[in-house]
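Have a look at the structure below before the remarks.
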Amino acid sequence: MDSLKLKEAGDMLADDYGNLYIYKNKDFSFTKYDSTGKQIGKMMLTVPFKPQNVQNPLSVALFSENAQELKFVDQNLNEIQRVDFKQKFSFIKYAYAEDLQQIWLMDESMKRLIQYNFRNETTINSYPFDANFDDLIDLLVYDNKVYVLTKKQFRVFTLKFEKLFEAEVENGKRFRRENDMILIITKNTILRYIPDKELVKIFDDPDAQIVDKNTLAYFEIKANKLYLYTLENNKETKPPAEPGTTPKDNKDPKEHEEKKEQPDLIKLMEEVSEVQSLGIDNL
């Protein structure tokens, strides 16, 4: 991929079709490219928006605390729906789209976690909380548990906000859920949560600018180049990588620097079509 497309990227996400999404903080742009580097769509936003997971590329959610709204965009980054929170809620610190009907809202003013059906504009449930989430980075609600990522910590609560787990996390960016597996994406590391036990490092590169993962591979931007690391198994993660070493069985990342030099990447992305039903339907 052209290094100019990666320059000044603030975040990168990869879906299970091999498409890449680049968000730039400098101009609040959100751009989608296919696996060959061809631009598919682009949004120019007027205020900062945080893109959430892109596992369902037909409906990608972006939340803005500044604008107090949640946008849904389609596979070409055309806006398909907007949910405005200003009229119905005090101040929403974060919004997590659970599916195509329900979102979870962290109402900071009312100190409540709200399960909200935005299709018919009704509140399903409301749970009080007294924790301080001023530095909230990301929120995930799954299987009656609330996962909270702040600037320095990862915490797991019940819906009654009883703490189940806590661990320090540096430079956390967002959650990724693969079926029952909860992952934490940081600036240059990917961590897997072992319920009630620990966080396990499954990918690490201290020199990376941005890292991400889909169901087939790890991605990273380093020195304005895109690198790809294939997974040994589509559903299993590798053991923790030690800093400064190459994970076992990974190819030299230099082989993947440019599109014209990476036929394995194109072949890999072609194979994605064979698992699309697994990649999207099971989420």
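We label chains A, B, ... in the order they appear in the structure tokens, count residues from 1 in each chain, and number ligands from 1 in the order shown.
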
Could you give me, as an MDAnalysis selection string, the residues within 6 Å of A:Ile210, counting only C-alpha atoms and dropping anything in the same chain fewer than 3 positions from it? chainID A and resid 187:188 220:221

Output N, CA, C and O atoms of each residue in that selection to a file, as a compact mmCIF listing (two decimals), in the first residue's frame.
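In the end it all went to result.txt:
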```
# COMPACT_ATOMS: atom_id res chain seq x y z
N LYS A 187 -1.60 0.36 21.19
CA LYS A 187 -0.81 1.00 20.14
C LYS A 187 0.05 0.00 19.38
O LYS A 187 0.10 0.04 18.14
N ASN A 188 0.72 -0.90 20.08
CA ASN A 188 1.62 -1.83 19.40
C ASN A 188 1.52 -3.26 19.93
O ASN A 188 2.41 -4.07 19.71
N GLU A 220 -0.03 -4.50 10.89
CA GLU A 220 0.61 -3.40 11.59
C GLU A 220 1.12 -2.37 10.59
O GLU A 220 1.45 -2.69 9.44
N ILE A 221 1.14 -1.12 11.05
CA ILE A 221 1.79 -0.05 10.30
C ILE A 221 3.07 0.29 11.05
O ILE A 221 3.05 0.56 12.25
```

Which polymer residues have any atom within 9 Å of an atom of A:Glu65, counting only C-alpha atoms, with same-chain residues fewer than 3 positions away left out, as a list in words?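 Result of the neighbour search: Pro48, Phe49, Lys50, Gln68, Glu69, Leu70, Phe91, Ile92, Lys93, Tyr94 and Ala95 of chain A.
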
Polymer residues at most 12 Å from stretch 77-90 of chain A, only C-alpha atoms, same-chain spacing of 5 or more positions, as a PyMOL selection string: chain A and resi 21-22+29-33+39-45+51+54+57-72+95-97+100-114+116-123

Atom CA of A:Leu159 sits from atom CA of A:Leu13 at a separation of 28.6 Å

Top pick for closest residue to A:Arg176, considering A:Leu139, A:Leu199, A:Val47, A:Val156 and counting only C-alpha atoms: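 Closest candidate: A:Leu139.
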
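Using only C-alpha atoms, the shortest contact distance between A:Thr215 and any of A:Leu136, A:Leu149, A:Leu231, A:Ile185 is found at A:Leu231.
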
When DSSP works through the backbone of this structure, what residues of stretch 35-191 of chain A end up as strand (DSSP E), shown as a ChimeraX atom specification? /A:39-44,50-51,60-64,69-73,79-84,92-97,102-107,112-117,122-128,136-142,145-150,153-158,163-168,172-178,181-186,189-191

Write the residues of the preceding selection, restricted to C-alpha atoms, as a JSON list (two decimals), in the first residue's frame.
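Printed below is result_13.json as written:
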```json
[["chain", "number", "residue", "atom", "x", "y", "z"],
["A", 39, "GLN", "CA", -9.94, 3.45, -2.30],
["A", 40, "ILE", "CA", -13.52, 2.28, -1.78],
["A", 41, "GLY", "CA", -14.94, 5.19, 0.18],
["A", 42, "LYS", "CA", -14.02, 8.24, 2.24],
["A", 43, "MET", "CA", -15.72, 10.39, 4.87],
["A", 44, "MET", "CA", -14.63, 13.91, 5.85],
["A", 50, "LYS", "CA", -14.13, 7.01, 16.99],
["A", 51, "PRO", "CA", -14.67, 4.09, 14.59],
["A", 60, "VAL", "CA", -19.85, 0.27, 10.73],
["A", 61, "ALA", "CA", -20.50, 2.44, 13.79],
["A", 62, "LEU", "CA", -18.66, 5.66, 14.65],
["A", 63, "PHE", "CA", -19.25, 7.55, 17.91],
["A", 64, "SER", "CA", -18.49, 11.19, 18.67],
["A", 69, "GLU", "CA", -24.15, 11.13, 18.17],
["A", 70, "LEU", "CA", -23.57, 7.72, 16.66],
["A", 71, "LYS", "CA", -23.25, 7.23, 12.91],
["A", 72, "PHE", "CA", -23.72, 4.03, 10.94],
["A", 73, "VAL", "CA", -22.10, 3.79, 7.51],
["A", 79, "GLU", "CA", -24.11, 7.28, 6.10],
["A", 80, "ILE", "CA", -27.15, 5.05, 6.55],
["A", 81, "GLN", "CA", -28.33, 6.18, 9.99],
["A", 82, "ARG", "CA", -27.57, 8.75, 12.66],
["A", 83, "VAL", "CA", -28.57, 8.52, 16.33],
["A", 84, "ASP", "CA", -28.65, 11.88, 18.11],
["A", 92, "ILE", "CA", -23.22, 10.30, 26.78],
["A", 93, "LYS", "CA", -19.60, 9.49, 27.53],
["A", 94, "TYR", "CA", -19.55, 6.50, 25.24],
["A", 95, "ALA", "CA", -21.88, 4.51, 22.99],
["A", 96, "TYR", "CA", -21.32, 0.88, 22.01],
["A", 97, "ALA", "CA", -23.40, -0.60, 19.18],
["A", 102, "GLN", "CA", -29.43, -1.98, 20.37],
["A", 103, "ILE", "CA", -26.71, 0.25, 21.75],
["A", 104, "TRP", "CA", -25.24, 0.59, 25.23],
["A", 105, "LEU", "CA", -24.83, 4.13, 26.51],
["A", 106, "MET", "CA", -22.62, 5.36, 29.34],
["A", 107, "ASP", "CA", -24.57, 8.37, 30.62],
["A", 112, "ARG", "CA", -26.14, 5.07, 34.46],
["A", 113, "LEU", "CA", -25.43, 2.40, 31.87],
["A", 114, "ILE", "CA", -28.37, 2.32, 29.48],
["A", 115, "GLN", "CA", -29.43, -0.40, 27.06],
["A", 116, "TYR", "CA", -31.23, 1.49, 24.31],
["A", 117, "ASN", "CA", -33.18, 0.36, 21.25],
["A", 122, "THR", "CA", -36.96, 3.07, 23.80],
["A", 123, "THR", "CA", -34.86, 2.31, 26.87],
["A", 124, "ILE", "CA", -34.71, -1.44, 27.55],
["A", 125, "ASN", "CA", -32.69, -1.44, 30.78],
["A", 126, "SER", "CA", -30.84, 1.02, 32.97],
["A", 127, "TYR", "CA", -28.11, 0.14, 35.47],
["A", 128, "PRO", "CA", -26.65, 2.57, 38.03],
["A", 136, "LEU", "CA", -12.80, 6.08, 29.17],
["A", 137, "ILE", "CA", -11.38, 4.81, 25.88],
["A", 138, "ASP", "CA", -13.73, 1.97, 24.93],
["A", 139, "LEU", "CA", -16.73, 0.05, 26.20],
["A", 140, "LEU", "CA", -18.00, -3.45, 25.47],
["A", 141, "VAL", "CA", -21.00, -5.27, 26.91],
["A", 142, "TYR", "CA", -21.18, -9.02, 26.34],
["A", 145, "LYS", "CA", -20.49, -8.37, 31.65],
["A", 146, "VAL", "CA", -19.26, -4.82, 31.14],
["A", 147, "TYR", "CA", -15.75, -4.42, 29.77],
["A", 148, "VAL", "CA", -14.18, -1.01, 30.29],
["A", 149, "LEU", "CA", -10.93, 0.24, 28.79],
["A", 150, "THR", "CA", -9.40, 3.45, 30.15],
["A", 153, "GLN", "CA", -6.58, 0.12, 32.94],
["A", 154, "PHE", "CA", -8.76, -2.74, 31.74],
["A", 155, "ARG", "CA", -11.67, -3.63, 34.01],
["A", 156, "VAL", "CA", -14.51, -6.15, 33.94],
["A", 157, "PHE", "CA", -17.76, -5.63, 35.86],
["A", 158, "THR", "CA", -21.10, -7.31, 36.30],
["A", 163, "LYS", "CA", -15.67, -5.61, 39.81],
["A", 164, "LEU", "CA", -14.61, -9.01, 38.47],
["A", 165, "PHE", "CA", -11.16, -8.26, 37.08],
["A", 166, "GLU", "CA", -8.67, -5.42, 36.75],
["A", 167, "ALA", "CA", -5.29, -5.07, 35.05],
["A", 168, "GLU", "CA", -3.01, -2.28, 33.89],
["A", 172, "GLY", "CA", -5.17, 0.97, 25.02],
["A", 173, "LYS", "CA", -7.23, 1.81, 21.93],
["A", 174, "ARG", "CA", -10.25, -0.50, 21.62],
["A", 175, "PHE", "CA", -11.81, -3.91, 22.14],
["A", 176, "ARG", "CA", -12.31, -6.63, 19.57],
["A", 177, "ARG", "CA", -14.61, -9.59, 20.19],
["A", 178, "GLU", "CA", -14.29, -12.86, 18.29],
["A", 181, "MET", "CA", -12.85, -14.24, 22.97],
["A", 182, "ILE", "CA", -12.24, -10.67, 24.16],
["A", 183, "LEU", "CA", -9.17, -8.91, 22.74],
["A", 184, "ILE", "CA", -7.63, -5.56, 23.61],
["A", 185, "ILE", "CA", -5.93, -3.61, 20.85],
["A", 186, "THR", "CA", -3.25, -1.19, 22.05],
["A", 189, "THR", "CA", 0.25, -4.89, 21.21],
["A", 190, "ILE", "CA", -2.76, -7.21, 21.06],
["A", 191, "LEU", "CA", -3.86, -8.80, 24.33]]
```

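Those residues that approach A:Ala208 to within 12 Å, counting only C-alpha atoms, are Asp11, Met12, Thr186, Lys187, Asn188, Thr189, Ile190, Phe203, Asp204, Asp205, Pro206, Ile210, Val211, Asp212, Tyr218, Phe219, Glu220, Ile221, Lys222, Ala223, Asn224, Lys225, Leu226, Tyr227, Pro243, Gly244 and Pro253 of chain A; same-chain residues fewer than 2 positions away are not listed.
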
d(atom CA of A:Asn19, atom CA of A:Leu228) in Å: 12.8 Å

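Atom CA of A:Asn214 to atom CA of A:Gln55 spans 8.0 Å [interatomic distance, one decimal].
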
Counting only C-alpha atoms, closest pick from A:Asp34, A:Tyr229, A:Leu216, A:Asp135 relative to A:Asp16 is A:Leu216
